[in-house]
Amino acid sequence: MLWSGWGDPAKATELPEPVRKLLADFLGVQGPAAPAATFGEVRLPAAALPPAVLAALAAITGAGYVRTDDDARIRHTRGRSTPDLLRMRAGDGSDAPDAVVLPGSHDEVAAVLRVCAEHRVAVVPFGGGTSVVGGLVASREGFAGVAALDLSRLNRLVSVDVESMVAEMEPGLRAPQAEELLASHGLTLGHFPQSYEYATLGGFAAARSSGQASAGYGRFDDMVVGMTVATPRGTLETGRAPKSAAGPDLRQVILGSEGAFGVITSLRLRVRRAPERRVYEGWRFATFAEGLAAVRRLAQDGPAPTVLRLSDETETLVGLAQPGELGSSATGSGCLVVAGYEGGPDDVSYRGERAAAVLAATGGVHLGPEPGEKWAHGRFDAPYLRDSLLAAGATVETLETACFWSAVPRLYEAVRQALTAALGSPLVMCHVSHVYGTGASLYFTVVTAQTDDPVGQWAAAKRAASEAILRAGGTITHHHGVGRDHREAFGAEIGELGAEILRAVKERLDPAGVLNPGVMIP
């Protein structure tokens, strides 16, 4: 990925002049305070790992797989949140690891963890580098240095059990690679988050990812039926059967643990038949409240579309519901619902017709396939748009939460009011990104003019939004994970006893505390 932005540098584009004018007129965006740093201008601290430690790591993986060059260190610095990118654009590489280690097997991962525990080297498991919550920045205090554990060499489809519909896959596989390998067997995971093009399977599990087709395929943690995990204390194997009453489910200890308890080296995943047909369409509702009632009815009573998302009035009007239409809404006023159906031809037709009847009965106006197809075509483009907005001098960031249906209106208003109070007159947009019978996820996008301290500007807004989320009864994160950014609010959400349980697990699996220190655990 681009070291100071998202994805393929060739896809980065400047904002059209009409959009720049809108940003200036309505938000006061005047351009960044300083030009972005070049790769050669990134300031790196001196690498700190002693030669003896580097030699011990090289003896495990081979010398070519322990890298201390500037290129490797910069490309493994932080994740892809807006504060991460703002710091990189300012040339701040202060969080760079001292070395990047690329193991090639479970045994090599386990051996690396033993060496790092012995020498008190902090270890940051690294997949696609797409964390947006500070999940790739380890605390250095009390450690001899920091090593990024890049899992990209663990990238095999190990086996496929078609009878059980289970595939064993390694964690370093990027999602497109995994889909390509499964497609040769006529299968799919059906997991397509916005980070799809660059994120890895291990990262999905470590952060409890949820894909854009979760209404049909489920969240990624629903797909994990078993794992192999390397820890400094040894190997943990979880998942012997589809369901079990043999005590608490230890998979749930690792899922969402963000590398703080162990390193996932193998995943047994539930797979589905690859769909023969995909249909996406758009619907317009007059208000967000009417749209909420409609998607709730589908989530609770069916039929469940594979994709179901609802943009509020502002997101629809601005055009961010379809990133390619930024600055000009192609769907008119109101709120856009995108409904998608994947599967066999008969099933797609049946569910589509029944869902259409529900959407029409609840006030929806059918817009045909064009809005849905445009969304599907551009659904991975929003991070590139963020890069363009940052380059134009706008601070733009996202945050997400979830709650029960009865609390959705209160949570929606609370977060919007908190962001507005913290930022003055920002543009705040929202969509329902994932739905369940009991509740939904709200995903907010915020755009405002950059101040002289855009990192501090967003930190203040994030604190205000986090406090509002907790007061309104929401969870601090639905699918981005905890990282460092949500750690304090996560502690408030689970309480001191909950935090003590996590600390006890950490102490038992990682007594030296070298696994991603400072991340996730309050």
# chains A, B, ... in the order shown; residues from 1 in each chain; ligands from 1
>>> select_by_dssp(residues="stretch 165-222 of chain A", states="alpha helix (DSSP H)", output="PyMOL selection string")
chain A and resi 175-183+201-207+214-217+220-222
>>> write_last_selection(atoms="C-alpha atoms", output="mmCIF file, in the first residue's frame")
data_model
loop_
_atom_site.group_PDB
_atom_site.id
_atom_site.type_symbol
_atom_site.label_atom_id
_atom_site.label_comp_id
_atom_site.auth_asym_id
_atom_site.auth_seq_id
_atom_site.Cartn_x
_atom_site.Cartn_y
_atom_site.Cartn_z
ATOM 1 C CA ALA A 175 -8.970 -11.186 1.077
ATOM 2 C CA PRO A 176 -8.791 -11.071 -2.766
ATOM 3 C CA GLN A 177 -6.221 -13.874 -2.738
ATOM 4 C CA ALA A 178 -8.436 -15.946 -0.477
ATOM 5 C CA GLU A 179 -11.464 -15.400 -2.720
ATOM 6 C CA GLU A 180 -9.468 -16.362 -5.812
ATOM 7 C CA LEU A 181 -8.250 -19.574 -4.209
ATOM 8 C CA LEU A 182 -11.722 -20.495 -3.003
ATOM 9 C CA ALA A 183 -13.287 -19.642 -6.365
ATOM 10 C CA LEU A 201 -7.727 -13.033 7.067
ATOM 11 C CA GLY A 202 -5.732 -12.896 10.289
ATOM 12 C CA GLY A 203 -6.548 -9.222 10.651
ATOM 13 C CA PHE A 204 -10.243 -9.910 10.096
ATOM 14 C CA ALA A 205 -10.239 -12.385 12.976
ATOM 15 C CA ALA A 206 -8.067 -10.278 15.272
ATOM 16 C CA ALA A 207 -10.376 -7.251 14.931
ATOM 17 C CA SER A 214 -22.888 -9.331 6.567
ATOM 18 C CA ALA A 215 -26.687 -9.442 6.332
ATOM 19 C CA GLY A 216 -26.309 -12.514 4.147
ATOM 20 C CA TYR A 217 -22.973 -14.096 5.054
ATOM 21 C CA PHE A 220 -16.081 -12.776 10.085
ATOM 22 C CA ASP A 221 -16.160 -14.029 13.668
ATOM 23 C CA ASP A 222 -19.250 -16.046 12.683
#
>>> residues_around(residues="stretch 102-108 of chain A", least_positions_apart="6", cutoff="9 Å", atoms="only C-alpha atoms", output="PyMOL selection string")
chain A and resi 60-62+64-67+148-154+228-230+264-266
>>> atom_distance(atom1="atom CA of A:Ala321", atom2="atom CA of A:Leu336")
7.3 Å
>>> closest_atom_pairs(of="stretch 13-44 of chain A", to="stretch 73-97 of chain A", cutoff="6 Å", atoms="only C-alpha atoms", output="Markdown table")
| residue | atom | partner | partner_atom | distance |
| --- | --- | --- | --- | --- |
| A:Ala36 | CA | A:Arg89 | CA | 4.7 |
| A:Ala37 | CA | A:Gly91 | CA | 5.2 |
| A:Glu41 | CA | A:Gly91 | CA | 5.9 |
| A:Val42 | CA | A:Gly91 | CA | 4.1 |
| A:Arg43 | CA | A:Gly93 | CA | 5.2 |
| A:Leu44 | CA | A:Gly93 | CA | 4.9 |
>>> atom_distance(atom1="atom CA of A:His366", atom2="atom CA of A:Glu315")
18.5 Å
>>> residues_around(residues="stretch 410-416 of chain A", least_positions_apart="6", cutoff="7 Å", atoms="only C-alpha atoms", output="PyMOL selection string")
chain A and resi 428+465+468-469+472+474
>>> closest_atom_pairs(of="stretch 359-478 of chain A", to="stretch 280-295 of chain A", cutoff="8 Å", atoms="only C-alpha atoms", output="tab-separated table")
residue	atom	partner	partner_atom	distance
A:Leu359	CA	A:Ala294	CA	6.0
A:Thr362	CA	A:Ala294	CA	5.7
A:Gly363	CA	A:Phe285	CA	6.4
A:Gly364	CA	A:Phe285	CA	5.0
A:Val365	CA	A:Arg284	CA	5.0
A:His366	CA	A:Trp283	CA	4.7
A:Leu367	CA	A:Gly282	CA	5.1
A:Gly368	CA	A:Glu281	CA	5.5
A:Pro369	CA	A:Glu281	CA	4.0
A:Glu370	CA	A:Glu281	CA	6.5
A:Pro371	CA	A:Gly282	CA	5.0
A:Gly372	CA	A:Glu281	CA	4.0
A:Glu373	CA	A:Tyr280	CA	5.6
A:Ala376	CA	A:Tyr280	CA	7.4
A:Pro409	CA	A:Ala289	CA	7.9
A:Val435	CA	A:Val295	CA	7.6
>>> write_last_selection(atoms="N, CA, C and O atoms", output="PDB file, in the first residue's frame")
ATOM      1  N   LEU A 359     -40.263  -3.276   1.304  1.00  0.00           N
ATOM      2  CA  LEU A 359     -39.723  -1.929   1.173  1.00  0.00           C
ATOM      3  C   LEU A 359     -40.773  -0.966   0.608  1.00  0.00           C
ATOM      4  O   LEU A 359     -40.885   0.185   1.047  1.00  0.00           O
ATOM      5  N   THR A 362     -43.430  -0.098   3.205  1.00  0.00           N
ATOM      6  CA  THR A 362     -42.972   0.780   4.286  1.00  0.00           C
ATOM      7  C   THR A 362     -42.585   2.170   3.778  1.00  0.00           C
ATOM      8  O   THR A 362     -41.942   2.940   4.496  1.00  0.00           O
ATOM      9  N   GLY A 363     -42.961   2.483   2.534  1.00  0.00           N
ATOM     10  CA  GLY A 363     -42.762   3.837   2.025  1.00  0.00           C
ATOM     11  C   GLY A 363     -41.628   4.019   1.063  1.00  0.00           C
ATOM     12  O   GLY A 363     -41.335   5.151   0.654  1.00  0.00           O
ATOM     13  N   GLY A 364     -40.954   2.947   0.676  1.00  0.00           N
ATOM     14  CA  GLY A 364     -39.827   3.061  -0.225  1.00  0.00           C
ATOM     15  C   GLY A 364     -40.240   3.272  -1.671  1.00  0.00           C
ATOM     16  O   GLY A 364     -41.263   2.750  -2.115  1.00  0.00           O
ATOM     17  N   VAL A 365     -39.431   4.027  -2.406  1.00  0.00           N
ATOM     18  CA  VAL A 365     -39.615   4.236  -3.840  1.00  0.00           C
ATOM     19  C   VAL A 365     -38.491   3.521  -4.566  1.00  0.00           C
ATOM     20  O   VAL A 365     -37.307   3.786  -4.321  1.00  0.00           O
ATOM     21  N   HIS A 366     -38.850   2.599  -5.439  1.00  0.00           N
ATOM     22  CA  HIS A 366     -37.851   1.797  -6.131  1.00  0.00           C
ATOM     23  C   HIS A 366     -37.107   2.657  -7.154  1.00  0.00           C
ATOM     24  O   HIS A 366     -37.722   3.314  -7.987  1.00  0.00           O
ATOM     25  N   LEU A 367     -35.782   2.648  -7.090  1.00  0.00           N
ATOM     26  CA  LEU A 367     -34.959   3.432  -8.010  1.00  0.00           C
ATOM     27  C   LEU A 367     -34.318   2.576  -9.083  1.00  0.00           C
ATOM     28  O   LEU A 367     -33.559   3.087  -9.913  1.00  0.00           O
ATOM     29  N   GLY A 368     -34.589   1.279  -9.068  1.00  0.00           N
ATOM     30  CA  GLY A 368     -34.008   0.404 -10.075  1.00  0.00           C
ATOM     31  C   GLY A 368     -32.606  -0.044  -9.703  1.00  0.00           C
ATOM     32  O   GLY A 368     -32.086   0.245  -8.616  1.00  0.00           O
ATOM     33  N   PRO A 369     -31.929  -0.728 -10.617  1.00  0.00           N
ATOM     34  CA  PRO A 369     -30.620  -1.296 -10.306  1.00  0.00           C
ATOM     35  C   PRO A 369     -29.475  -0.295 -10.305  1.00  0.00           C
ATOM     36  O   PRO A 369     -28.430  -0.554  -9.711  1.00  0.00           O
ATOM     37  N   GLU A 370     -29.621   0.854 -10.965  1.00  0.00           N
ATOM     38  CA  GLU A 370     -28.468   1.738 -11.162  1.00  0.00           C
ATOM     39  C   GLU A 370     -27.801   2.191  -9.868  1.00  0.00           C
ATOM     40  O   GLU A 370     -26.574   2.088  -9.733  1.00  0.00           O
ATOM     41  N   PRO A 371     -28.546   2.700  -8.854  1.00  0.00           N
ATOM     42  CA  PRO A 371     -27.861   3.113  -7.611  1.00  0.00           C
ATOM     43  C   PRO A 371     -27.141   1.956  -6.923  1.00  0.00           C
ATOM     44  O   PRO A 371     -26.041   2.132  -6.388  1.00  0.00           O
ATOM     45  N   GLY A 372     -27.760   0.778  -6.926  1.00  0.00           N
ATOM     46  CA  GLY A 372     -27.123  -0.377  -6.301  1.00  0.00           C
ATOM     47  C   GLY A 372     -25.884  -0.819  -7.038  1.00  0.00           C
ATOM     48  O   GLY A 372     -24.855  -1.149  -6.432  1.00  0.00           O
ATOM     49  N   GLU A 373     -25.944  -0.820  -8.367  1.00  0.00           N
ATOM     50  CA  GLU A 373     -24.783  -1.225  -9.152  1.00  0.00           C
ATOM     51  C   GLU A 373     -23.649  -0.221  -9.006  1.00  0.00           C
ATOM     52  O   GLU A 373     -22.470  -0.597  -8.959  1.00  0.00           O
ATOM     53  N   ALA A 376     -22.030  -0.904  -5.703  1.00  0.00           N
ATOM     54  CA  ALA A 376     -21.213  -2.119  -5.762  1.00  0.00           C
ATOM     55  C   ALA A 376     -19.916  -1.868  -6.519  1.00  0.00           C
ATOM     56  O   ALA A 376     -18.850  -2.373  -6.135  1.00  0.00           O
ATOM     57  N   PRO A 409     -32.185   5.873  17.333  1.00  0.00           N
ATOM     58  CA  PRO A 409     -32.385   7.317  17.143  1.00  0.00           C
ATOM     59  C   PRO A 409     -31.610   8.159  18.155  1.00  0.00           C
ATOM     60  O   PRO A 409     -31.024   9.194  17.806  1.00  0.00           O
ATOM     61  N   VAL A 435     -27.047  -4.826   9.892  1.00  0.00           N
ATOM     62  CA  VAL A 435     -28.313  -4.964  10.601  1.00  0.00           C
ATOM     63  C   VAL A 435     -28.437  -6.369  11.196  1.00  0.00           C
ATOM     64  O   VAL A 435     -27.909  -7.345  10.659  1.00  0.00           O
TER      65      VAL A 435
END
>>> residues_around(residues="A:Ile521", least_positions_apart="5", cutoff="10 Å", atoms="only C-alpha atoms", output="short mmCIF file (atom, residue, chain, number, x, y, z; two decimals) with C-alpha atoms, in the first residue's frame")
data_model
loop_
_atom_site.label_atom_id
_atom_site.label_comp_id
_atom_site.auth_asym_id
_atom_site.auth_seq_id
_atom_site.Cartn_x
_atom_site.Cartn_y
_atom_site.Cartn_z
CA SER A 257 -7.83 -9.75 20.79
CA GLU A 258 -5.78 -7.77 18.24
CA ALA A 260 -2.40 -9.03 22.47
CA PHE A 261 -2.90 -12.70 23.48
CA VAL A 482 -10.27 -1.34 20.04
CA GLY A 483 -6.60 -0.63 19.28
CA ARG A 484 -5.15 2.23 21.30
CA HIS A 486 -10.71 3.04 21.97
CA ARG A 487 -8.88 1.49 24.91
CA GLU A 488 -10.05 3.94 27.57
CA PHE A 490 -13.52 0.09 26.10
CA GLY A 491 -12.48 -0.06 29.75
CA GLY A 498 -14.01 -7.18 32.78
CA ALA A 499 -10.66 -5.46 32.39
CA GLU A 500 -9.18 -7.65 35.14
CA ILE A 501 -10.28 -10.77 33.27
CA LEU A 502 -8.49 -9.59 30.12
CA ARG A 503 -5.36 -8.73 32.08
CA LYS A 506 -2.77 -11.65 29.00
CA ASN A 516 1.26 -5.65 21.12
#
>>> select_by_dssp(residues="stretch 151-260 of chain A", states="strand (DSSP E)", output="count of residues only")
24
>>> residues_around(residues="A:Pro51", least_positions_apart="6", cutoff="12 Å", atoms="only C-alpha atoms", output="number ranges by chain")
A: 57-58, 66, 68, 98-99, 119, 144-145
>>> write_last_selection(atoms="N, CA and C atoms", output="CSV table (one decimal), in the first residue's frame")
chain,number,residue,atom,x,y,z
A,57,LEU,N,16.9,-13.8,15.7
A,57,LEU,CA,15.7,-13.8,14.8
A,57,LEU,C,16.1,-14.3,13.4
A,58,ALA,N,17.2,-13.9,12.9
A,58,ALA,CA,17.7,-14.4,11.6
A,58,ALA,C,17.9,-15.8,11.6
A,66,VAL,N,14.6,-10.8,8.0
A,66,VAL,CA,14.7,-9.9,9.1
A,66,VAL,C,15.2,-8.6,8.5
A,68,THR,N,15.8,-4.4,8.5
A,68,THR,CA,15.9,-3.2,9.3
A,68,THR,C,16.1,-1.9,8.4
A,98,ASP,N,11.7,-1.3,15.0
A,98,ASP,CA,13.1,-1.4,14.8
A,98,ASP,C,13.5,-2.4,13.8
A,99,ALA,N,12.7,-3.4,13.6
A,99,ALA,CA,12.9,-4.5,12.6
A,99,ALA,C,11.6,-5.0,12.2
A,119,HIS,N,14.1,-11.6,25.4
A,119,HIS,CA,14.9,-10.4,25.3
A,119,HIS,C,14.0,-9.1,25.5
A,144,ALA,N,13.1,-3.6,25.0
A,144,ALA,CA,14.4,-3.4,24.3
A,144,ALA,C,14.2,-2.8,22.9
A,145,GLY,N,13.0,-3.0,22.4
A,145,GLY,CA,12.7,-2.5,21.0
A,145,GLY,C,11.4,-3.0,20.6
>>> atom_distance(atom1="atom CA of A:Thr306", atom2="atom CA of A:Asp347")
11.3 Å
>>> residues_around(residues="stretch 11-13 of chain A", least_positions_apart="3", cutoff="9 Å", atoms="only C-alpha atoms", output="ChimeraX atom specification")
/A:5-8,16,381,384-385,387-388
>>> residues_around(residues="stretch 188-193 of chain A", least_positions_apart="2", cutoff="6 Å", atoms="only C-alpha atoms", output="ChimeraX atom specification")
/A:179,182,195-196,211-212,217,271-272,274
>>> write_last_selection(atoms="all heavy atoms", output="PDB file, in the first residue's frame")
ATOM      1  N   GLU A 179     -10.305 -15.193  -1.848  1.00  0.00           N
ATOM      2  CA  GLU A 179     -11.464 -15.400  -2.720  1.00  0.00           C
ATOM      3  C   GLU A 179     -11.072 -16.086  -4.014  1.00  0.00           C
ATOM      4  O   GLU A 179     -11.792 -16.946  -4.525  1.00  0.00           O
ATOM      5  CB  GLU A 179     -12.150 -14.056  -2.997  1.00  0.00           C
ATOM      6  CG  GLU A 179     -12.963 -13.514  -1.837  1.00  0.00           C
ATOM      7  CD  GLU A 179     -14.140 -14.416  -1.486  1.00  0.00           C
ATOM      8  OE1 GLU A 179     -14.747 -15.028  -2.399  1.00  0.00           O
ATOM      9  OE2 GLU A 179     -14.463 -14.517  -0.287  1.00  0.00           O
ATOM     10  N   LEU A 182     -10.470 -19.797  -3.256  1.00  0.00           N
ATOM     11  CA  LEU A 182     -11.722 -20.495  -3.003  1.00  0.00           C
ATOM     12  C   LEU A 182     -12.561 -20.617  -4.261  1.00  0.00           C
ATOM     13  O   LEU A 182     -13.278 -21.617  -4.451  1.00  0.00           O
ATOM     14  CB  LEU A 182     -12.517 -19.768  -1.914  1.00  0.00           C
ATOM     15  CG  LEU A 182     -11.955 -19.856  -0.493  1.00  0.00           C
ATOM     16  CD1 LEU A 182     -12.727 -18.946   0.446  1.00  0.00           C
ATOM     17  CD2 LEU A 182     -11.991 -21.301   0.019  1.00  0.00           C
ATOM     18  N   SER A 195     -12.043  -2.515   3.605  1.00  0.00           N
ATOM     19  CA  SER A 195     -10.601  -2.775   3.541  1.00  0.00           C
ATOM     20  C   SER A 195     -10.264  -4.010   2.714  1.00  0.00           C
ATOM     21  O   SER A 195      -9.103  -4.432   2.680  1.00  0.00           O
ATOM     22  CB  SER A 195     -10.061  -2.963   4.961  1.00  0.00           C
ATOM     23  OG  SER A 195     -10.702  -4.080   5.587  1.00  0.00           O
ATOM     24  N   TYR A 196     -11.264  -4.578   2.044  1.00  0.00           N
ATOM     25  CA  TYR A 196     -11.156  -5.867   1.368  1.00  0.00           C
ATOM     26  C   TYR A 196      -9.901  -6.014   0.510  1.00  0.00           C
ATOM     27  O   TYR A 196      -9.226  -7.052   0.548  1.00  0.00           O
ATOM     28  CB  TYR A 196     -12.401  -6.080   0.496  1.00  0.00           C
ATOM     29  CG  TYR A 196     -12.328  -7.232  -0.473  1.00  0.00           C
ATOM     30  CD1 TYR A 196     -12.523  -8.538  -0.034  1.00  0.00           C
ATOM     31  CD2 TYR A 196     -12.058  -7.015  -1.827  1.00  0.00           C
ATOM     32  CE1 TYR A 196     -12.462  -9.596  -0.912  1.00  0.00           C
ATOM     33  CE2 TYR A 196     -11.991  -8.076  -2.720  1.00  0.00           C
ATOM     34  CZ  TYR A 196     -12.191  -9.365  -2.261  1.00  0.00           C
ATOM     35  OH  TYR A 196     -12.131 -10.409  -3.149  1.00  0.00           O
ATOM     36  N   GLY A 211     -18.169  -7.573   7.201  1.00  0.00           N
ATOM     37  CA  GLY A 211     -18.149  -7.185   5.797  1.00  0.00           C
ATOM     38  C   GLY A 211     -19.444  -6.552   5.342  1.00  0.00           C
ATOM     39  O   GLY A 211     -20.483  -6.619   6.022  1.00  0.00           O
ATOM     40  N   GLN A 212     -19.396  -5.930   4.168  1.00  0.00           N
ATOM     41  CA  GLN A 212     -20.556  -5.214   3.658  1.00  0.00           C
ATOM     42  C   GLN A 212     -21.714  -6.141   3.309  1.00  0.00           C
ATOM     43  O   GLN A 212     -22.849  -5.684   3.162  1.00  0.00           O
ATOM     44  CB  GLN A 212     -20.138  -4.382   2.449  1.00  0.00           C
ATOM     45  CG  GLN A 212     -19.164  -3.271   2.829  1.00  0.00           C
ATOM     46  CD  GLN A 212     -18.565  -2.580   1.623  1.00  0.00           C
ATOM     47  OE1 GLN A 212     -18.578  -3.106   0.514  1.00  0.00           O
ATOM     48  NE2 GLN A 212     -18.017  -1.401   1.829  1.00  0.00           N
ATOM     49  N   TYR A 217     -24.039 -13.141   4.757  1.00  0.00           N
ATOM     50  CA  TYR A 217     -22.973 -14.096   5.054  1.00  0.00           C
ATOM     51  C   TYR A 217     -22.553 -14.106   6.518  1.00  0.00           C
ATOM     52  O   TYR A 217     -21.856 -15.017   6.960  1.00  0.00           O
ATOM     53  CB  TYR A 217     -21.734 -13.791   4.200  1.00  0.00           C
ATOM     54  CG  TYR A 217     -21.940 -14.027   2.727  1.00  0.00           C
ATOM     55  CD1 TYR A 217     -22.122 -12.966   1.857  1.00  0.00           C
ATOM     56  CD2 TYR A 217     -21.935 -15.314   2.201  1.00  0.00           C
ATOM     57  CE1 TYR A 217     -22.296 -13.172   0.493  1.00  0.00           C
ATOM     58  CE2 TYR A 217     -22.104 -15.538   0.840  1.00  0.00           C
ATOM     59  CZ  TYR A 217     -22.290 -14.456  -0.007  1.00  0.00           C
ATOM     60  OH  TYR A 217     -22.463 -14.668  -1.362  1.00  0.00           O
ATOM     61  N   VAL A 271     -17.224 -21.784   4.786  1.00  0.00           N
ATOM     62  CA  VAL A 271     -17.323 -21.215   3.445  1.00  0.00           C
ATOM     63  C   VAL A 271     -18.712 -21.490   2.875  1.00  0.00           C
ATOM     64  O   VAL A 271     -19.471 -22.305   3.400  1.00  0.00           O
ATOM     65  CB  VAL A 271     -16.225 -21.793   2.513  1.00  0.00           C
ATOM     66  CG1 VAL A 271     -14.849 -21.318   2.956  1.00  0.00           C
ATOM     67  CG2 VAL A 271     -16.282 -23.323   2.482  1.00  0.00           C
ATOM     68  N   ARG A 272     -19.043 -20.789   1.790  1.00  0.00           N
ATOM     69  CA  ARG A 272     -20.339 -20.926   1.128  1.00  0.00           C
ATOM     70  C   ARG A 272     -20.125 -21.215  -0.355  1.00  0.00           C
ATOM     71  O   ARG A 272     -19.045 -20.985  -0.900  1.00  0.00           O
ATOM     72  CB  ARG A 272     -21.146 -19.626   1.274  1.00  0.00           C
ATOM     73  CG  ARG A 272     -21.383 -19.174   2.698  1.00  0.00           C
ATOM     74  CD  ARG A 272     -22.418 -20.013   3.416  1.00  0.00           C
ATOM     75  NE  ARG A 272     -22.706 -19.493   4.753  1.00  0.00           N
ATOM     76  CZ  ARG A 272     -23.617 -18.586   5.033  1.00  0.00           C
ATOM     77  NH1 ARG A 272     -24.349 -18.046   4.067  1.00  0.00           N
ATOM     78  NH2 ARG A 272     -23.814 -18.181   6.275  1.00  0.00           N
ATOM     79  N   ALA A 274     -20.170 -20.325  -4.078  1.00  0.00           N
ATOM     80  CA  ALA A 274     -20.058 -19.049  -4.773  1.00  0.00           C
ATOM     81  C   ALA A 274     -21.397 -18.722  -5.432  1.00  0.00           C
ATOM     82  O   ALA A 274     -22.022 -19.600  -6.044  1.00  0.00           O
ATOM     83  CB  ALA A 274     -18.954 -19.103  -5.820  1.00  0.00           C
TER      84      ALA A 274
END
>>> decode(residues="stretch 82-88 of chain A", atoms="all heavy atoms", output="mmCIF file, in the first residue's frame")
data_model
loop_
_atom_site.group_PDB
_atom_site.id
_atom_site.type_symbol
_atom_site.label_atom_id
_atom_site.label_comp_id
_atom_site.auth_asym_id
_atom_site.auth_seq_id
_atom_site.Cartn_x
_atom_site.Cartn_y
_atom_site.Cartn_z
ATOM 1 N N THR A 82 -6.970 8.320 10.012
ATOM 2 C CA THR A 82 -6.604 9.677 9.604
ATOM 3 C C THR A 82 -5.449 10.227 10.434
ATOM 4 O O THR A 82 -4.504 10.793 9.862
ATOM 5 C CB THR A 82 -7.834 10.599 9.673
ATOM 6 O OG1 THR A 82 -8.728 10.225 8.614
ATOM 7 C CG2 THR A 82 -7.455 12.057 9.514
ATOM 8 N N PRO A 83 -5.432 10.088 11.779
ATOM 9 C CA PRO A 83 -4.249 10.539 12.516
ATOM 10 C C PRO A 83 -2.969 9.838 12.074
ATOM 11 O O PRO A 83 -1.910 10.469 11.991
ATOM 12 C CB PRO A 83 -4.598 10.205 13.973
ATOM 13 C CG PRO A 83 -6.081 10.269 14.016
ATOM 14 C CD PRO A 83 -6.531 9.708 12.698
ATOM 15 N N ASP A 84 -3.047 8.538 11.786
ATOM 16 C CA ASP A 84 -1.870 7.821 11.279
ATOM 17 C C ASP A 84 -1.352 8.482 10.008
ATOM 18 O O ASP A 84 -0.148 8.722 9.844
ATOM 19 C CB ASP A 84 -2.219 6.359 10.974
ATOM 20 C CG ASP A 84 -2.472 5.523 12.212
ATOM 21 O OD1 ASP A 84 -2.026 5.926 13.301
ATOM 22 O OD2 ASP A 84 -3.119 4.472 12.084
ATOM 23 N N LEU A 85 -2.256 8.765 9.079
ATOM 24 C CA LEU A 85 -1.856 9.324 7.788
ATOM 25 C C LEU A 85 -1.382 10.767 7.932
ATOM 26 O O LEU A 85 -0.426 11.183 7.263
ATOM 27 C CB LEU A 85 -3.014 9.248 6.797
ATOM 28 C CG LEU A 85 -3.519 7.837 6.470
ATOM 29 C CD1 LEU A 85 -4.561 7.893 5.366
ATOM 30 C CD2 LEU A 85 -2.374 6.914 6.082
ATOM 31 N N LEU A 86 -2.012 11.536 8.795
ATOM 32 C CA LEU A 86 -1.571 12.912 9.010
ATOM 33 C C LEU A 86 -0.151 12.944 9.558
ATOM 34 O O LEU A 86 0.667 13.788 9.159
ATOM 35 C CB LEU A 86 -2.523 13.628 9.971
ATOM 36 C CG LEU A 86 -3.903 13.988 9.398
ATOM 37 C CD1 LEU A 86 -4.839 14.430 10.521
ATOM 38 C CD2 LEU A 86 -3.786 15.088 8.338
ATOM 39 N N ARG A 87 0.169 12.039 10.451
ATOM 40 C CA ARG A 87 1.531 11.989 10.996
ATOM 41 C C ARG A 87 2.538 11.590 9.912
ATOM 42 O O ARG A 87 3.632 12.168 9.829
ATOM 43 C CB ARG A 87 1.590 11.009 12.175
ATOM 44 C CG ARG A 87 0.852 11.494 13.416
ATOM 45 C CD ARG A 87 1.079 10.551 14.587
ATOM 46 N NE ARG A 87 0.459 11.045 15.807
ATOM 47 C CZ ARG A 87 -0.670 10.609 16.317
ATOM 48 N NH1 ARG A 87 -1.348 9.630 15.708
ATOM 49 N NH2 ARG A 87 -1.166 11.110 17.416
ATOM 50 N N MET A 88 2.176 10.622 9.097
ATOM 51 C CA MET A 88 3.084 10.209 8.025
ATOM 52 C C MET A 88 3.246 11.326 6.999
ATOM 53 O O MET A 88 4.359 11.568 6.496
ATOM 54 C CB MET A 88 2.580 8.936 7.360
ATOM 55 C CG MET A 88 2.562 7.724 8.262
ATOM 56 S SD MET A 88 4.148 7.374 9.084
ATOM 57 C CE MET A 88 5.148 6.835 7.698
#
